[in-house]
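Shown below: target-v7.txt, with compact mmCIF, C-alpha atoms.
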```txt
# COMPACT_ATOMS: atom_id res chain seq x y z
CA MET A 203 9.72 2.67 -15.71
CA LYS A 204 6.78 5.03 -15.28
CA THR A 205 4.38 5.55 -12.39
CA ALA A 206 0.79 6.71 -12.86
CA LYS A 207 -2.71 6.45 -11.41
CA VAL A 208 -5.54 4.61 -13.18
CA THR A 209 -8.26 7.14 -14.03
CA GLU A 210 -10.51 4.92 -16.11
CA VAL A 211 -11.12 1.23 -16.79
CA ARG A 212 -12.82 1.15 -20.18
CA GLY A 213 -13.43 -2.55 -20.39
CA VAL A 214 -12.34 -6.03 -19.45
CA ARG A 215 -11.88 -8.73 -22.10
CA PRO A 216 -11.36 -12.37 -21.09
CA TRP A 217 -8.98 -14.55 -23.09
CA ASN A 218 -8.86 -18.30 -22.50
CA GLY A 219 -5.38 -19.71 -22.92
CA LYS A 220 -3.73 -23.02 -22.14
CA ASN A 221 -2.78 -21.75 -18.66
CA GLY A 222 -6.23 -20.41 -17.80
CA THR A 223 -8.15 -17.21 -18.34
CA ILE A 224 -6.43 -13.84 -18.62
CA PHE A 225 -8.54 -10.70 -18.24
CA TYR A 226 -7.28 -7.80 -20.34
CA HIS A 227 -8.18 -4.48 -18.68
CA ASP A 228 -8.28 -1.52 -21.08
CA ILE A 229 -7.18 1.45 -18.96
CA VAL A 230 -6.43 5.16 -19.10
CA LEU A 231 -3.77 6.65 -16.80
CA ASP A 232 -3.55 10.14 -15.33
CA ASN A 233 -0.49 10.97 -17.46
CA GLY A 234 -2.41 10.27 -20.70
CA ASP A 235 -1.05 6.78 -21.37
CA ARG A 236 -3.61 4.18 -22.48
CA GLY A 237 -3.34 0.49 -23.00
CA SER A 238 -4.20 -3.02 -21.85
CA ILE A 239 -2.96 -4.99 -18.87
CA GLY A 240 -3.51 -8.74 -18.65
CA LYS A 241 -4.34 -10.08 -15.17
CA ARG A 242 -5.54 -13.43 -13.85
CA SER A 243 -8.58 -11.97 -12.09
CA GLU A 244 -11.31 -9.73 -13.44
CA GLY A 245 -11.50 -6.37 -11.73
CA SER A 246 -7.97 -6.58 -10.33
CA ILE A 247 -7.23 -3.13 -11.82
CA LYS A 248 -9.38 -0.35 -10.36
CA VAL A 249 -9.71 3.40 -10.76
CA GLY A 250 -7.34 5.00 -8.25
CA ASP A 251 -4.73 2.23 -8.35
CA VAL A 252 -1.18 3.55 -8.72
CA ILE A 253 1.06 1.37 -10.84
CA ASN A 254 4.71 1.17 -11.86
CA TYR A 255 4.78 0.11 -15.50
CA THR A 256 6.30 0.11 -18.95
CA ILE A 257 4.29 0.57 -22.13
CA ASP A 258 5.03 -0.81 -25.58
CA GLY A 259 2.54 -0.29 -28.41
CA GLY A 260 -0.46 -0.11 -26.07
CA ARG A 261 0.63 -3.11 -23.99
CA ILE A 262 1.20 -2.11 -20.38
CA SER A 263 3.39 -4.29 -18.18
CA VAL A 264 3.10 -3.70 -14.45
CA LEU A 265 6.46 -3.73 -12.68
CA ASN A 266 7.66 -4.09 -9.14
CA PRO A 267 10.49 -1.57 -8.62
CA ASN A 268 12.45 -4.13 -6.57
CA ASN A 269 11.94 -7.23 -8.71
CA GLY A 270 11.25 -6.12 -12.27
CA PRO A 271 8.33 -7.61 -14.27
CA ARG A 272 5.48 -9.56 -12.68
CA GLY A 273 5.25 -7.03 -9.88
CA SER A 274 2.31 -5.57 -8.11
CA PHE A 275 0.60 -2.30 -7.47
CA ILE A 276 1.88 0.38 -5.21
CA GLY A 277 -0.53 -0.12 -2.34
CA LYS A 278 -1.11 2.31 0.40
CA PRO A 279 2.10 3.86 1.62
CA ALA A 280 3.93 2.31 4.53
CA ALA A 281 3.31 3.94 7.87
CA SER A 282 5.84 6.54 8.94
CA PRO A 283 8.23 5.63 11.74
CA ALA A 284 6.44 8.09 14.01
CA ALA A 285 3.05 6.47 13.30
CA MET A 286 4.47 3.00 13.96
CA ALA A 287 6.08 4.19 17.19
CA MET A 288 2.78 5.71 18.36
CA SER A 289 0.88 2.51 17.57
CA TYR A 290 3.34 0.28 19.44
CA ALA A 291 3.45 2.69 22.39
CA LYS A 292 -0.33 2.69 22.63
CA ASP A 293 -0.38 -1.11 22.56
CA LEU A 294 2.20 -1.37 25.34
CA VAL A 295 0.51 1.19 27.57
CA VAL A 296 -2.92 -0.40 27.12
CA ALA A 297 -1.46 -3.86 27.85
CA ASN A 298 0.04 -2.54 31.08
CA LEU A 299 -3.28 -0.98 32.10
CA ALA A 300 -4.74 -4.43 32.56
CA LYS A 301 -2.30 -4.90 35.46
CA SER A 302 -3.43 -1.71 37.21
CA GLU A 303 -6.27 -1.51 39.71
CA LYS A 304 -6.15 2.29 40.01
CA PRO A 305 -8.64 4.57 38.25
CA LEU A 306 -7.33 6.00 34.98
CA ASP A 307 -6.11 9.57 34.67
CA MET A 308 -6.57 10.18 30.94
CA ALA A 309 -4.06 13.05 30.76
CA ALA A 310 -1.41 10.90 32.44
CA LEU A 311 -2.28 8.00 30.15
CA ALA A 312 -1.88 10.23 27.07
CA ASP A 313 1.47 11.46 28.38
CA ARG A 314 2.67 7.87 28.87
CA VAL A 315 1.68 6.94 25.32
CA ILE A 316 3.38 10.02 23.83
CA ASN A 317 6.55 9.61 25.90
CA THR A 318 6.81 5.93 24.97
CA ALA A 319 6.20 6.76 21.28
CA ASP A 320 8.90 9.43 21.40
CA ARG A 321 11.39 6.88 22.76
CA PHE A 322 10.47 4.34 20.06
CA ASN A 323 10.66 6.97 17.33
CA ALA A 324 14.08 8.14 18.52
CA TRP A 325 15.32 4.55 18.51
CA ILE A 326 13.94 3.96 14.98
CA LYS A 327 15.67 7.11 13.69
CA ALA A 328 18.94 6.23 15.40
CA ASN A 329 18.92 2.68 14.00
CA SER A 330 17.70 3.30 10.44
```
In structure tokens, how does this file's structure come out?
Amino acid sequence: MKTAKVTEVRGVRPWNGKNGTIFYHDIVLDNGDRGSIGKRSEGSIKVGDVINYTIDGGRISVLNPNNGPRGSFIGKPAASPAAMAMSYAKDLVVANLAKSEKPLDMAALADRVINTADRFNAWIKANS
């Protein structure tokens, strides 16, 4: 299995088969590989997409590293545990603000978010 980024889509050719239309995307990858990928929707392969694939005689098969063929693209990377912890902490602190009738001290609010995120992040690390 290889991984590369699409640097160019040179053309899209439709082919009508018994199971519907397949759009063959002629692509160039950042590692120099070139070939065609058949997809059910036109424009489903774009410049900048990162794919896991195999290539055989110019035919590129996109793979999912967990499930083998018929996989998908590598989308944007998953958020880091620290980023997830910060997001959840912010949500909890903001939800609790609705209960408060006091004026907000922004420095104290920021400290609460960071302290809560640190606790979540420590838990994630300890339980991963």
Interatomic distance, atom CA of Ala328 of chain A to atom CA of Ala297 of chain A (Å, one decimal):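 These two atoms are separated by 25.9 Å.
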Which residues, written as number ranges by chain, have at least one atom at most 9 Å from Arg215 of chain A, with only C-alpha atoms counted and residues fewer than 2 positions away on the same chain left out? A: 213, 217, 224-228, 244
Could you please determine the separation between atom CA of Asn329 of chain A and atom CA of Ile316 of chain A in Å, to one decimal place?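 Here the two named atoms are 19.8 Å from each other.
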With all atoms listed in the file as the counted atoms, please give the residues lying no more than 9 Å from Met203 of chain A, apart from itself and same-chain residues fewer than 2 positions off, as a list in words.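 Close residues of Met203 of chain A: Thr205, Asn254, Tyr255, Thr256, Ile257, Leu265 and Pro267 of chain A.
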At a cut-off of 12 Å, using all atoms listed in the file, what residues contact Val211 of chain A? Leave out same-chain residues fewer than 4 positions from it and give the result as a list of chain:residue names. A:Lys207, A:Arg215, A:Tyr226, A:His227, A:Asp228, A:Ile229, A:Val230, A:Leu231, A:Asp232, A:Arg236, A:Gly237, A:Ser238, A:Ile239, A:Glu244, A:Gly245, A:Ser246, A:Ile247, A:Lys248, A:Val249, A:Gly250, A:Asp251
Just the selected residues (C-alpha atoms), exported as a tab-separated table (two decimals), in the frame of the given file, please.
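This went into result-v1.tsv:
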```tsv
chain	number	residue	atom	x	y	z
A	207	LYS	CA	-2.71	6.45	-11.41
A	215	ARG	CA	-11.88	-8.73	-22.10
A	226	TYR	CA	-7.28	-7.80	-20.34
A	227	HIS	CA	-8.18	-4.48	-18.68
A	228	ASP	CA	-8.28	-1.52	-21.08
A	229	ILE	CA	-7.18	1.45	-18.96
A	230	VAL	CA	-6.43	5.16	-19.10
A	231	LEU	CA	-3.77	6.65	-16.80
A	232	ASP	CA	-3.55	10.14	-15.33
A	236	ARG	CA	-3.61	4.18	-22.48
A	237	GLY	CA	-3.34	0.49	-23.00
A	238	SER	CA	-4.20	-3.02	-21.85
A	239	ILE	CA	-2.96	-4.99	-18.87
A	244	GLU	CA	-11.31	-9.73	-13.44
A	245	GLY	CA	-11.50	-6.37	-11.73
A	246	SER	CA	-7.97	-6.58	-10.33
A	247	ILE	CA	-7.23	-3.13	-11.82
A	248	LYS	CA	-9.38	-0.35	-10.36
A	249	VAL	CA	-9.71	3.40	-10.76
A	250	GLY	CA	-7.34	5.00	-8.25
A	251	ASP	CA	-4.73	2.23	-8.35
```
Select, from A:Val264, A:Ala285, A:Val214, A:Ala291, the residue with the minimum atom-to-atom distance to Asp313 of chain A, counting all atoms listed in the file.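 Selected residue with least distance to Asp313 of chain A: A:Ala291.
The smallest atom-to-atom distance between Gly234 of chain A and any of A:Pro283, A:Val208, A:Val252, A:Asp307, using all atoms listed in the file, is found for A:Val208.
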Taken to one decimal, the atom CA of Leu306 of chain A-atom CA of Asp320 of chain A distance is 21.4 Å
Mind listing as a ChimeraX atom specification all residues within 10 Å of (0.8, 7.0, 28.4), counting all atoms listed in the file? /A:291-292,294-296,298-299,307-319
